[in-house]
file upload.txt (compact mmCIF, C-alpha atoms)
# COMPACT_ATOMS: atom_id res chain seq x y z
CA ALA R 1 -224.73 214.28 3.27
CA THR R 2 -228.24 213.14 3.69
CA HIS R 3 -229.57 210.87 6.43
CA PRO R 4 -232.20 208.38 5.31
CA GLY R 5 -233.83 208.28 8.71
CA GLY R 6 -234.24 212.04 8.90
CA GLY R 7 -237.10 212.20 6.51
CA GLY R 8 -238.92 209.40 8.35
CA GLU R 9 -238.59 211.20 11.66
CA GLY R 10 -239.82 214.41 10.12
CA GLY R 11 -242.75 212.63 8.54
CA GLY R 12 -243.57 210.97 11.87
CA GLU R 13 -243.56 214.31 13.63
CA GLY R 14 -245.80 215.75 10.95
CA SER R 15 -248.30 212.92 11.28
CA GLY R 16 -248.15 213.24 15.06
CA GLY R 17 -249.01 216.90 14.76
CA GLY R 18 -251.96 215.92 12.59
CA ASP R 19 -253.15 213.49 15.25
CA ASN R 20 -252.89 216.15 17.92
CA GLY R 21 -254.83 218.53 15.77
CA GLY R 22 -257.51 215.90 15.22
CA GLY R 23 -257.74 215.23 18.95
CA GLY R 24 -258.06 218.92 19.67
CA SER R 25 -260.86 219.32 17.15
CA GLY R 26 -262.64 216.26 18.60
CA GLY R 27 -262.43 217.71 22.11
CA ALA R 28 -263.78 221.02 20.88
CA ALA R 29 -266.66 219.23 19.17
CA ASP R 30 -267.48 217.31 22.35
CA GLY R 31 -267.45 220.54 24.36
CA ALA R 32 -269.69 222.28 21.83
CA ALA R 33 -272.18 219.38 21.83
CA ARG R 34 -272.57 219.33 25.62
CA PRO R 35 -275.69 221.24 26.75
CA PRO R 36 -275.50 223.86 29.52
CA LEU R 37 -275.82 222.80 33.15
CA SER R 38 -279.16 224.62 33.48
CA ALA R 39 -280.68 222.35 30.83
CA VAL R 40 -279.38 219.27 32.64
CA LEU R 41 -280.79 220.43 35.98
CA CYS R 42 -284.21 220.95 34.38
CA SER R 43 -284.28 217.46 32.85
CA HIS R 44 -286.22 214.61 34.43
CA PRO R 45 -285.91 213.47 37.20
CA LEU R 46 -283.65 216.08 38.81
CA PRO R 47 -286.38 218.75 39.40
CA LEU R 48 -288.60 216.20 41.17
CA VAL R 49 -285.71 214.99 43.33
CA MET R 50 -284.79 218.54 44.33
CA VAL R 51 -288.40 219.41 45.22
CA LEU R 52 -288.75 216.24 47.29
CA ARG R 53 -285.49 216.90 49.12
CA ALA R 54 -286.57 220.47 49.91
CA ALA R 55 -289.98 219.36 51.18
CA HIS R 56 -288.42 216.56 53.21
CA GLY R 57 -285.94 218.95 54.82
CA CYS R 58 -288.70 221.40 55.73
CA ALA R 59 -290.77 218.62 57.35
CA LEU R 60 -287.80 217.20 59.25
CA PHE R 61 -286.66 220.52 60.71
CA ALA R 62 -290.25 221.47 61.47
CA ALA R 63 -290.45 218.35 63.64
CA PHE R 64 -287.16 219.29 65.32
CA ASP R 65 -288.59 222.71 66.23
CA LEU R 66 -292.25 222.01 66.92
CA VAL R 67 -292.09 218.81 68.98
CA PRO R 68 -290.01 220.37 71.81
CA LEU R 69 -292.34 223.39 71.85
CA TRP R 70 -295.34 221.07 72.07
CA CYS R 71 -293.73 219.13 74.92
CA MET R 72 -293.10 222.33 76.91
CA ALA R 73 -296.55 223.85 76.28
CA SER R 74 -299.05 223.85 79.12
CA ARG R 75 -301.74 221.21 79.45
CA TYR R 76 -304.32 223.96 78.92
CA ALA R 77 -302.75 224.72 75.50
CA GLY R 78 -302.72 221.03 74.57
CA GLY R 79 -299.05 220.35 75.37
CA LEU R 80 -297.36 217.95 77.75
CA ALA R 81 -296.23 220.56 80.31
CA LEU R 82 -292.74 219.09 80.66
CA THR R 83 -290.00 220.96 82.44
CA GLU R 84 -286.64 221.62 80.81
CA GLU R 85 -285.04 218.63 82.53
CA GLN R 86 -287.94 216.35 81.61
CA LEU R 87 -287.84 217.58 78.03
CA GLY R 88 -284.09 216.94 77.83
CA THR R 89 -284.59 213.40 79.10
CA SER R 90 -287.34 212.80 76.57
CA LEU R 91 -285.30 214.10 73.63
CA ALA R 92 -282.28 212.08 74.74
CA ALA R 93 -284.37 208.92 74.76
CA GLY R 94 -285.63 209.75 71.28
CA ALA R 95 -282.04 210.23 70.11
CA VAL R 96 -281.17 206.74 71.40
CA VAL R 97 -283.98 205.33 69.25
CA GLN R 98 -282.56 207.16 66.23
CA VAL R 99 -279.03 205.87 66.85
CA VAL R 100 -280.22 202.27 67.16
CA PHE R 101 -282.33 202.50 64.02
CA THR R 102 -279.73 204.23 61.82
CA SER R 103 -276.87 201.97 62.91
CA LEU R 104 -278.66 198.62 62.83
CA ALA R 105 -281.77 198.75 60.66
CA MET R 106 -281.71 201.63 58.17
CA GLY R 107 -279.03 200.30 55.83
CA ARG R 108 -280.63 196.87 55.69
CA LEU R 109 -284.04 198.37 54.95
CA VAL R 110 -282.70 200.49 52.08
CA ARG R 111 -280.91 197.49 50.54
CA ARG R 112 -283.94 195.24 50.93
CA LEU R 113 -286.67 197.68 49.86
CA GLY R 114 -284.81 199.78 47.29
CA LEU R 115 -284.67 203.55 47.03
CA HIS R 116 -288.21 204.28 45.84
CA ALA R 117 -289.84 201.92 48.32
CA SER R 118 -287.67 203.28 51.15
CA LEU R 119 -288.73 206.84 50.30
CA THR R 120 -292.41 205.90 50.20
CA ALA R 121 -292.25 203.82 53.38
CA GLY R 122 -290.30 206.47 55.29
CA CYS R 123 -292.64 209.34 54.39
CA THR R 124 -295.77 207.27 55.05
CA ALA R 125 -294.51 206.04 58.40
CA ALA R 126 -293.43 209.54 59.42
CA ALA R 127 -296.87 210.96 58.61
CA LEU R 128 -298.68 208.23 60.56
CA LEU R 129 -296.32 208.56 63.54
CA THR R 130 -296.89 212.33 63.61
CA LEU R 131 -300.61 211.69 64.00
CA CYS R 132 -299.89 209.09 66.69
CA LEU R 133 -297.68 211.62 68.49
CA LEU R 134 -300.54 214.08 68.77
CA ALA R 135 -303.18 211.47 69.61
CA SER R 136 -301.07 209.35 71.95
CA PRO R 137 -302.89 208.24 75.14
CA SER R 138 -299.73 209.04 77.10
CA ALA R 139 -300.30 212.73 76.34
CA THR R 140 -303.13 212.78 78.88
CA ALA R 141 -301.31 210.76 81.55
CA GLU R 142 -300.95 212.35 84.96
CA ARG R 143 -297.38 211.22 85.58
CA TRP R 144 -294.81 213.19 83.63
CA TRP R 145 -292.58 210.22 82.86
CA LEU R 146 -295.42 208.45 81.06
CA ARG R 147 -295.99 211.53 78.90
CA ALA R 148 -292.28 211.89 78.27
CA LEU R 149 -291.82 208.17 77.50
CA GLY R 150 -294.67 208.10 74.99
CA ALA R 151 -293.50 211.28 73.31
CA SER R 152 -289.85 210.19 73.11
CA LEU R 153 -290.69 206.77 71.68
CA VAL R 154 -293.02 208.05 68.97
CA TYR R 155 -290.78 211.05 68.24
CA GLY R 156 -287.73 208.79 67.88
CA LEU R 157 -289.56 206.51 65.47
CA GLN R 158 -290.94 209.46 63.52
CA THR R 159 -287.54 211.07 63.01
CA SER R 160 -286.05 207.65 62.17
CA ALA R 161 -288.65 207.25 59.41
CA MET R 162 -287.76 210.72 58.13
CA LEU R 163 -284.08 209.79 58.10
CA LEU R 164 -284.90 206.65 56.10
CA ALA R 165 -286.69 208.76 53.49
CA GLY R 166 -283.85 211.29 53.50
CA THR R 167 -281.26 208.58 52.89
CA ALA R 168 -283.22 207.38 49.88
CA LEU R 169 -283.48 210.94 48.52
CA VAL R 170 -279.76 211.61 48.91
CA SER R 171 -278.99 208.34 47.12
CA MET R 172 -281.37 209.27 44.30
CA SER R 173 -279.39 212.47 43.72
CA ASN R 174 -276.51 210.31 42.45
CA LEU R 175 -278.18 209.00 39.30
CA PRO R 176 -275.73 206.22 38.31
CA ARG R 177 -275.60 204.90 41.88
CA ALA R 178 -279.39 205.08 42.10
CA LEU R 179 -279.75 203.01 38.95
CA GLU R 180 -277.22 200.52 40.25
CA ALA R 181 -279.04 200.22 43.59
CA GLU R 182 -282.33 199.60 41.78
CA SER R 183 -280.63 196.90 39.61
CA LEU R 184 -281.43 198.85 36.44
CA PRO R 185 -279.17 198.62 33.37
CA ILE R 186 -276.47 201.28 33.17
CA SER R 187 -275.14 202.11 29.74
CA PRO R 188 -271.33 201.85 29.46
CA HIS R 189 -271.49 204.99 27.29
CA PRO R 190 -272.81 207.86 29.43
CA SER R 191 -275.17 210.31 27.82
CA PRO R 192 -273.47 213.56 26.72
CA SER R 193 -276.36 215.48 28.31
CA LEU R 194 -275.13 214.57 31.80
CA PRO R 195 -272.32 216.54 33.44
CA MET R 196 -269.10 214.71 34.11
CA SER R 197 -269.84 214.57 37.85
CA LEU R 198 -272.86 212.31 37.15
CA HIS R 199 -271.04 209.87 34.89
CA LEU R 200 -270.33 206.46 36.37
CA SER R 201 -266.59 206.05 36.59
CA PRO R 202 -265.32 202.61 35.49
CA SER R 203 -262.87 202.69 38.40
CA LEU R 204 -265.70 202.59 40.96
CA PRO R 205 -266.37 199.16 42.51
call {"tool": "encode", "arguments": {"input": "upload.txt", "output": "structure tokens"}}
result
Amino acid sequence: ATHPGGGGEGGGEGSGGGDNGGGGSGGAADGAARPPLSAVLCSHPLPLVMVLRAAHGCALFAAFDLVPLWCMASRYAGGLALTEEQLGTSLAAGAVVQVVFTSLAMGRLVRRLGLHASLTAGCTAAALLTLCLLASPSATAERWWLRALGASLVYGLQTSAMLLAGTALVSMSNLPRALEAESLPISPHPSPSLPMSLHLSPSLP
């Protein structure tokens, strides 16, 4: 005896197998069309962002190392001649300035200025404050607390400006989020030249 529905089920399974085969070939084609990661990393603007982040990190950690050494150097060598306790007090005061800036002002500045303007403003302010740190009138004061106060205030502002620029650079590394922050149009169809980690997920708010 024959079952009329048997042939239909068999045909359905056959067509389903064809669909699966088509999906597999489409996935293979997508994988073959995707360029290697090295080509993506060398495409604009990722090389510029990586160079800027490396230069920013070198400048920031140079300030972390050189400013304490300058504060401890003798007056004859052009330093502030601070003792270890005085240096610790000065660096602690500079850290308070950083905490206040990063918790209250930095996020608002990035949202108001945008990523590119925040990067430019942070680097420019850090460079000017570095010059002010070396040419500060408090550096020649006789009382140690005046030297320490001037150094801690300018040092705190200088590192805060560097942190502002660093925040903009880190945000620029996430290309879809950077475009969204700059209010630039984002295509709903991501480019196949970008790795999956850089695609903007529709589930993100």
call {"tool": "atom_distance", "arguments": {"input": "upload.txt", "atom1": "CA of Ala148 (chain R)", "atom2": "CA of Ser90 (chain R)"}}
result
5.3 Å
call {"tool": "closest_residue", "arguments": {"input": "upload.txt", "among": "R:Ala151, R:Val100, R:Cys123, R:Leu157", "to": "Arg53 (chain R)", "atoms": "only C-alpha atoms"}}
result
R:Cys123
call {"tool": "axis_aligned_box", "arguments": {"input": "upload.txt", "around": "region 107-124 of chain R", "padding_each_side": "3 Å", "output": "AutoDock Vina command-line options"}}
result
--center_x -287.4 --center_y 202.3 --center_z 50.8 --size_x 22.7 --size_y 20.1 --size_z 16.0
call {"tool": "closest_residue", "arguments": {"input": "upload.txt", "among": "R:Val67, R:Cys58, R:Leu164, R:Val40", "to": "Thr120 (chain R)", "atoms": "all atoms listed in the file"}}
result
R:Leu164
call {"tool": "atom_distance", "arguments": {"input": "upload.txt", "atom1": "CA of Val96 (chain R)", "atom2": "CA of Trp145 (chain R)"}}
result
16.5 Å
call {"tool": "residues_around", "arguments": {"input": "upload.txt", "residues": "Arg147 (chain R)", "least_positions_apart": "3", "cutoff": "12 Å", "atoms": "all atoms listed in the file", "output": "VMD selection string"}}
result
chain R and resid 70 to 72 75 79 to 83 86 to 87 89 to 90 133 to 144 150 to 155
call {"tool": "closest_residue", "arguments": {"input": "upload.txt", "among": "R:Leu60, R:Ala54, R:Leu146, R:Leu119", "to": "Met172 (chain R)", "atoms": "all atoms listed in the file"}}
result
R:Leu119
call {"tool": "build_atoms", "arguments": {"input": "upload.txt", "residues": "region 144-157 of chain R", "atoms": "N, CA, C and O atoms", "output": "PDB file, in the frame of the given file"}}
result
ATOM      1  N   TRP R 144    -295.579 212.561  84.682  1.00  0.00           N
ATOM      2  CA  TRP R 144    -294.810 213.190  83.630  1.00  0.00           C
ATOM      3  C   TRP R 144    -293.977 212.180  82.864  1.00  0.00           C
ATOM      4  O   TRP R 144    -293.777 212.334  81.644  1.00  0.00           O
ATOM      5  N   TRP R 145    -293.462 211.144  83.547  1.00  0.00           N
ATOM      6  CA  TRP R 145    -292.580 210.220  82.860  1.00  0.00           C
ATOM      7  C   TRP R 145    -293.349 209.363  81.853  1.00  0.00           C
ATOM      8  O   TRP R 145    -292.770 208.927  80.844  1.00  0.00           O
ATOM      9  N   LEU R 146    -294.634 209.151  82.069  1.00  0.00           N
ATOM     10  CA  LEU R 146    -295.420 208.450  81.060  1.00  0.00           C
ATOM     11  C   LEU R 146    -295.609 209.329  79.824  1.00  0.00           C
ATOM     12  O   LEU R 146    -295.530 208.846  78.688  1.00  0.00           O
ATOM     13  N   ARG R 147    -295.852 210.617  80.039  1.00  0.00           N
ATOM     14  CA  ARG R 147    -295.990 211.530  78.900  1.00  0.00           C
ATOM     15  C   ARG R 147    -294.675 211.646  78.146  1.00  0.00           C
ATOM     16  O   ARG R 147    -294.646 211.625  76.907  1.00  0.00           O
ATOM     17  N   ALA R 148    -293.585 211.755  78.901  1.00  0.00           N
ATOM     18  CA  ALA R 148    -292.280 211.890  78.270  1.00  0.00           C
ATOM     19  C   ALA R 148    -291.876 210.600  77.538  1.00  0.00           C
ATOM     20  O   ALA R 148    -291.305 210.643  76.439  1.00  0.00           O
ATOM     21  N   LEU R 149    -292.182 209.438  78.127  1.00  0.00           N
ATOM     22  CA  LEU R 149    -291.820 208.170  77.500  1.00  0.00           C
ATOM     23  C   LEU R 149    -292.583 207.967  76.195  1.00  0.00           C
ATOM     24  O   LEU R 149    -291.998 207.584  75.167  1.00  0.00           O
ATOM     25  N   GLY R 150    -293.893 208.242  76.225  1.00  0.00           N
ATOM     26  CA  GLY R 150    -294.670 208.100  74.990  1.00  0.00           C
ATOM     27  C   GLY R 150    -294.215 209.049  73.909  1.00  0.00           C
ATOM     28  O   GLY R 150    -294.089 208.680  72.730  1.00  0.00           O
ATOM     29  N   ALA R 151    -293.936 210.298  74.289  1.00  0.00           N
ATOM     30  CA  ALA R 151    -293.500 211.280  73.310  1.00  0.00           C
ATOM     31  C   ALA R 151    -292.127 210.932  72.730  1.00  0.00           C
ATOM     32  O   ALA R 151    -291.903 211.045  71.519  1.00  0.00           O
ATOM     33  N   SER R 152    -291.199 210.500  73.581  1.00  0.00           N
ATOM     34  CA  SER R 152    -289.850 210.190  73.110  1.00  0.00           C
ATOM     35  C   SER R 152    -289.846 208.977  72.189  1.00  0.00           C
ATOM     36  O   SER R 152    -289.129 208.948  71.181  1.00  0.00           O
ATOM     37  N   LEU R 153    -290.655 207.968  72.506  1.00  0.00           N
ATOM     38  CA  LEU R 153    -290.690 206.770  71.680  1.00  0.00           C
ATOM     39  C   LEU R 153    -291.256 207.072  70.290  1.00  0.00           C
ATOM     40  O   LEU R 153    -290.658 206.728  69.257  1.00  0.00           O
ATOM     41  N   VAL R 154    -292.400 207.744  70.257  1.00  0.00           N
ATOM     42  CA  VAL R 154    -293.020 208.050  68.970  1.00  0.00           C
ATOM     43  C   VAL R 154    -292.183 209.062  68.192  1.00  0.00           C
ATOM     44  O   VAL R 154    -292.016 208.959  66.973  1.00  0.00           O
ATOM     45  N   TYR R 155    -291.612 210.044  68.891  1.00  0.00           N
ATOM     46  CA  TYR R 155    -290.780 211.050  68.240  1.00  0.00           C
ATOM     47  C   TYR R 155    -289.513 210.409  67.660  1.00  0.00           C
ATOM     48  O   TYR R 155    -289.090 210.741  66.541  1.00  0.00           O
ATOM     49  N   GLY R 156    -288.906 209.479  68.399  1.00  0.00           N
ATOM     50  CA  GLY R 156    -287.730 208.790  67.880  1.00  0.00           C
ATOM     51  C   GLY R 156    -288.035 207.968  66.648  1.00  0.00           C
ATOM     52  O   GLY R 156    -287.270 207.959  65.675  1.00  0.00           O
ATOM     53  N   LEU R 157    -289.175 207.283  66.645  1.00  0.00           N
ATOM     54  CA  LEU R 157    -289.560 206.510  65.470  1.00  0.00           C
ATOM     55  C   LEU R 157    -289.922 207.414  64.292  1.00  0.00           C
ATOM     56  O   LEU R 157    -289.615 207.094  63.135  1.00  0.00           O
TER      57      LEU R 157
END
